[in-house]
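Down below is the structure, laid out as structure tokens.
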Amino acid sequence: MSNAVSALQGEVYKGFATVADVGPSGMIALRGDLGAAKLKGAVKKATGVAVPGMRKAGFAGDNGVCWMSPDELLILCPYESAGDMTTALQEALAGTHHLAANVSDARARIVVSGGDMREVLAKLTPADVSAAAFVPGDFRRSRLAQVPAAFWMADDETVEVVCFRSVARYVFDILKNAAIPGSEAGFMGT
Amino acid sequence: MLILHCPYCGTDADETELAPGGEAHLKRFGPGSQDADFEAYLFARENPMGVHFERWRHANGCGKWFHAARCTTTLEVFGTYSAQTLDPPQEIRDAITAKRPGWRWRDFA
């Protein structure tokens, strides 16, 4: 068996904010009726996290559940447990219209940390990432420069970004470029 | 810059997050229909100065299609609404009437 590696292989850049590849990370795409009790129960049982509301993300330990669209969730978990969790979801939801797929290798997960991490994001996305509009617990799908990406805040100084694996290098490089020391715009007031 | 409120994920998405989907509320004429109807379905489009109805997709966001009512001359947006409808909801029509009394677009008024 070949070893699983992330697209960026753990690369780290330290600018005025730190941009770092998280490495292999478990992700499950779950589609279905998010309002259904059966799906809510299955997600809670598999991840320990309740289905979050619109544009929210919930976390418990190593697991997270992110609201992607009115009928889609992105479940985050350790890379090794994604397979078992996918099977558990599929078994729990058998008989209902749903899709649960292990998409761990489909995306790259990058973490941007540091007091000025909002500056880095704000340079690249049209989404409002000010402290008034974007706080821990929020989840936003938008774009970073020319490609789609989603991001959420792990805490007040850390934002995590997911993008497709095929554009991982591009996203890492634009984040890196936005975090070059001396390029702080000072606009986010941090 | 056009900013549309996505009715599915509740964000005010700017134009760069969206993909345009052309004119809204087209009625499909498929196999077995009259040639004139099929031609109109394929090619005949409104090109108004003023009130217009369009389809948009929140491509760099939740990925959902939705409808938007806006003015082509001022870029004013009257409102956005669900894609699961065949005609504009009453509150959208009322919002347009308040700003553009006597408006007409295809069969809607």
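Letters A, B, ... go to the chains of the structure tokens in the order shown; residues in each chain start at 1; ligands are counted from 1 in the same order.
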
For range 61-77 of chain A, find every residue with an atom within 8 Å (counting only C-alpha atoms), except residues of its own chain fewer than 6 positions away, and show them as a list in words.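 Once the nearby chain positions are removed, what remains is Ser25, Gly26, Met27, Ile28, Ala29, Leu30, Arg31, Gly32, Asp33, Leu34, Thr47, Gly48, Val49, Ala50, Val51, Pro52, Gly53, Met54, Arg55, Phe139 and Arg141 of chain A; Tyr8, Cys9, Cys62, Gly63 and Lys64 of chain B.
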
Range 68-74 of chain B surroundings by only C-alpha atoms, 7 Å radius, close-in-sequence under 3 positions cut, as a PyMOL selection string: chain B and resi 49-55+77-81

Could you build a table of the residues in chain B lying no more than 10 Å from chain A, giving for each the nearest pair of atoms and their separation in Å rounded to one decimal place, using only C-alpha atoms, ordered by chain and ascending residue number, as JSON lines?
{"residue": "B:Tyr8", "atom": "CA", "partner": "A:Pro70", "partner_atom": "CA", "distance": 6.5}
{"residue": "B:Cys9", "atom": "CA", "partner": "A:Met54", "partner_atom": "CA", "distance": 6.5}
{"residue": "B:Gly10", "atom": "CA", "partner": "A:Met54", "partner_atom": "CA", "distance": 7.9}
{"residue": "B:Thr11", "atom": "CA", "partner": "A:Arg55", "partner_atom": "CA", "distance": 8.7}
{"residue": "B:Asp12", "atom": "CA", "partner": "A:Ala127", "partner_atom": "CA", "distance": 8.6}
{"residue": "B:Ala13", "atom": "CA", "partner": "A:Ala127", "partner_atom": "CA", "distance": 7.6}
{"residue": "B:Asp14", "atom": "CA", "partner": "A:Pro126", "partner_atom": "CA", "distance": 7.1}
{"residue": "B:Glu15", "atom": "CA", "partner": "A:Pro126", "partner_atom": "CA", "distance": 9.4}
{"residue": "B:Thr16", "atom": "CA", "partner": "A:Pro126", "partner_atom": "CA", "distance": 7.8}
{"residue": "B:Glu17", "atom": "CA", "partner": "A:Ser142", "partner_atom": "CA", "distance": 6.6}
{"residue": "B:Leu18", "atom": "CA", "partner": "A:Ser142", "partner_atom": "CA", "distance": 9.7}
{"residue": "B:His58", "atom": "CA", "partner": "A:Ser142", "partner_atom": "CA", "distance": 9.1}
{"residue": "B:Ala59", "atom": "CA", "partner": "A:Pro148", "partner_atom": "CA", "distance": 8.2}
{"residue": "B:Asn60", "atom": "CA", "partner": "A:Ser142", "partner_atom": "CA", "distance": 5.0}
{"residue": "B:Gly61", "atom": "CA", "partner": "A:Arg141", "partner_atom": "CA", "distance": 4.6}
{"residue": "B:Cys62", "atom": "CA", "partner": "A:Ser69", "partner_atom": "CA", "distance": 4.8}
{"residue": "B:Gly63", "atom": "CA", "partner": "A:Ser69", "partner_atom": "CA", "distance": 7.4}
{"residue": "B:Lys64", "atom": "CA", "partner": "A:Ser69", "partner_atom": "CA", "distance": 7.9}

From a DSSP calculation on the backbone, collect every residue of range 4-182 of chain A in strand (DSSP E) and output the set as a ChimeraX atom specification. /A:12-14,18-21,26-31,57-60,63-69,72-77,99-102,107-113,139-144,147-155,158-164

Top pick for closest residue to Ile92 in chain B, considering B:Arg106, B:Arg28, B:His67, B:Arg57 and counting only C-alpha atoms: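 Comparing B:Arg106, B:Arg28, B:His67, B:Arg57 against Ile92 in chain B, the winner is B:His67.
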
Between CA of Gly137 in chain A and CA of Ala60 in chain A, distance in Å (one decimal):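 For CA of Gly137 in chain A relative to CA of Ala60 in chain A, the distance reads 11.8 Å.
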
Neighbour list for range 175-183 of chain A as a list of chain:residue names, cut-off 8 Å, only C-alpha atoms, skip fewer than 6 positions in-chain: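 Everything that qualifies: A:Tyr13, A:Lys14, A:Gly15, A:Phe16, A:Ala17, A:Thr18, A:Val19, A:Val120, A:Leu121, A:Lys123, A:Leu124.
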
From the options A:Gly58, A:Met188, A:Val161, A:Ile110, which residue's atoms come nearest to Pro136 in chain A, counting only C-alpha atoms? A:Gly58

All alpha helix (DSSP H) residues (DSSP, backbone) inside range 59-174 of chain A, as a PyMOL selection string: chain A and resi 82-92+117-122+168-174

Selected residues, N, CA and C atoms, written as a JSON list (two decimals), in the first residue's frame, please.
[["chain", "number", "residue", "atom", "x", "y", "z"],
["A", 82, "ALA", "N", -11.81, 8.14, 8.71],
["A", 82, "ALA", "CA", -12.80, 8.55, 7.70],
["A", 82, "ALA", "C", -13.52, 7.36, 7.08],
["A", 83, "GLY", "N", -12.78, 6.28, 6.81],
["A", 83, "GLY", "CA", -13.39, 5.11, 6.18],
["A", 83, "GLY", "C", -14.47, 4.50, 7.06],
["A", 84, "ASP", "N", -14.12, 4.28, 8.33],
["A", 84, "ASP", "CA", -15.09, 3.66, 9.25],
["A", 84, "ASP", "C", -16.29, 4.57, 9.47],
["A", 85, "MET", "N", -16.02, 5.87, 9.56],
["A", 85, "MET", "CA", -17.12, 6.81, 9.81],
["A", 85, "MET", "C", -18.07, 6.84, 8.62],
["A", 86, "THR", "N", -17.51, 6.79, 7.41],
["A", 86, "THR", "CA", -18.35, 6.77, 6.21],
["A", 86, "THR", "C", -19.25, 5.54, 6.21],
["A", 87, "THR", "N", -18.66, 4.40, 6.53],
["A", 87, "THR", "CA", -19.45, 3.16, 6.59],
["A", 87, "THR", "C", -20.55, 3.27, 7.64],
["A", 88, "ALA", "N", -20.19, 3.84, 8.81],
["A", 88, "ALA", "CA", -21.18, 3.97, 9.88],
["A", 88, "ALA", "C", -22.34, 4.86, 9.42],
["A", 89, "LEU", "N", -22.02, 5.95, 8.72],
["A", 89, "LEU", "CA", -23.08, 6.85, 8.24],
["A", 89, "LEU", "C", -23.96, 6.15, 7.21],
["A", 90, "GLN", "N", -23.30, 5.43, 6.30],
["A", 90, "GLN", "CA", -24.06, 4.74, 5.26],
["A", 90, "GLN", "C", -25.01, 3.71, 5.88],
["A", 91, "GLU", "N", -24.53, 3.00, 6.90],
["A", 91, "GLU", "CA", -25.38, 2.00, 7.54],
["A", 91, "GLU", "C", -26.52, 2.65, 8.29],
["A", 92, "ALA", "N", -26.20, 3.76, 8.98],
["A", 92, "ALA", "CA", -27.24, 4.44, 9.75],
["A", 92, "ALA", "C", -28.31, 5.05, 8.85],
["A", 117, "MET", "N", -4.32, 37.16, 10.89],
["A", 117, "MET", "CA", -4.77, 36.22, 9.86],
["A", 117, "MET", "C", -5.97, 36.74, 9.06],
["A", 118, "ARG", "N", -6.78, 37.64, 9.66],
["A", 118, "ARG", "CA", -7.89, 38.22, 8.91],
["A", 118, "ARG", "C", -7.40, 39.04, 7.71],
["A", 119, "GLU", "N", -6.26, 39.69, 7.91],
["A", 119, "GLU", "CA", -5.66, 40.47, 6.83],
["A", 119, "GLU", "C", -5.35, 39.59, 5.63],
["A", 120, "VAL", "N", -4.81, 38.43, 5.91],
["A", 120, "VAL", "CA", -4.41, 37.50, 4.85],
["A", 120, "VAL", "C", -5.64, 37.09, 4.05],
["A", 121, "LEU", "N", -6.69, 36.71, 4.76],
["A", 121, "LEU", "CA", -7.92, 36.28, 4.07],
["A", 121, "LEU", "C", -8.56, 37.43, 3.30],
["A", 122, "ALA", "N", -8.62, 38.59, 3.94],
["A", 122, "ALA", "CA", -9.32, 39.72, 3.34],
["A", 122, "ALA", "C", -8.69, 40.16, 2.02],
["A", 168, "ALA", "N", -4.31, 23.14, -4.55],
["A", 168, "ALA", "CA", -3.69, 23.32, -3.24],
["A", 168, "ALA", "C", -2.42, 24.18, -3.33],
["A", 169, "ARG", "N", -1.60, 23.92, -4.33],
["A", 169, "ARG", "CA", -0.36, 24.69, -4.48],
["A", 169, "ARG", "C", -0.66, 26.16, -4.73],
["A", 170, "TYR", "N", -1.64, 26.39, -5.61],
["A", 170, "TYR", "CA", -2.04, 27.77, -5.92],
["A", 170, "TYR", "C", -2.52, 28.49, -4.66],
["A", 171, "VAL", "N", -3.43, 27.84, -3.91],
["A", 171, "VAL", "CA", -3.99, 28.47, -2.71],
["A", 171, "VAL", "C", -2.90, 28.71, -1.67],
["A", 172, "PHE", "N", -2.02, 27.75, -1.49],
["A", 172, "PHE", "CA", -0.93, 27.92, -0.51],
["A", 172, "PHE", "C", -0.06, 29.11, -0.92],
["A", 173, "ASP", "N", 0.24, 29.19, -2.20],
["A", 173, "ASP", "CA", 1.12, 30.27, -2.66],
["A", 173, "ASP", "C", 0.49, 31.65, -2.54],
["A", 174, "ILE", "N", -0.82, 31.75, -2.83],
["A", 174, "ILE", "CA", -1.44, 33.08, -2.69],
["A", 174, "ILE", "C", -1.58, 33.46, -1.21]]

Calculate how many Å separate CA of Ala131 in chain A from CA of Phe151 in chain A, rounding to one decimal. 14.3 Å
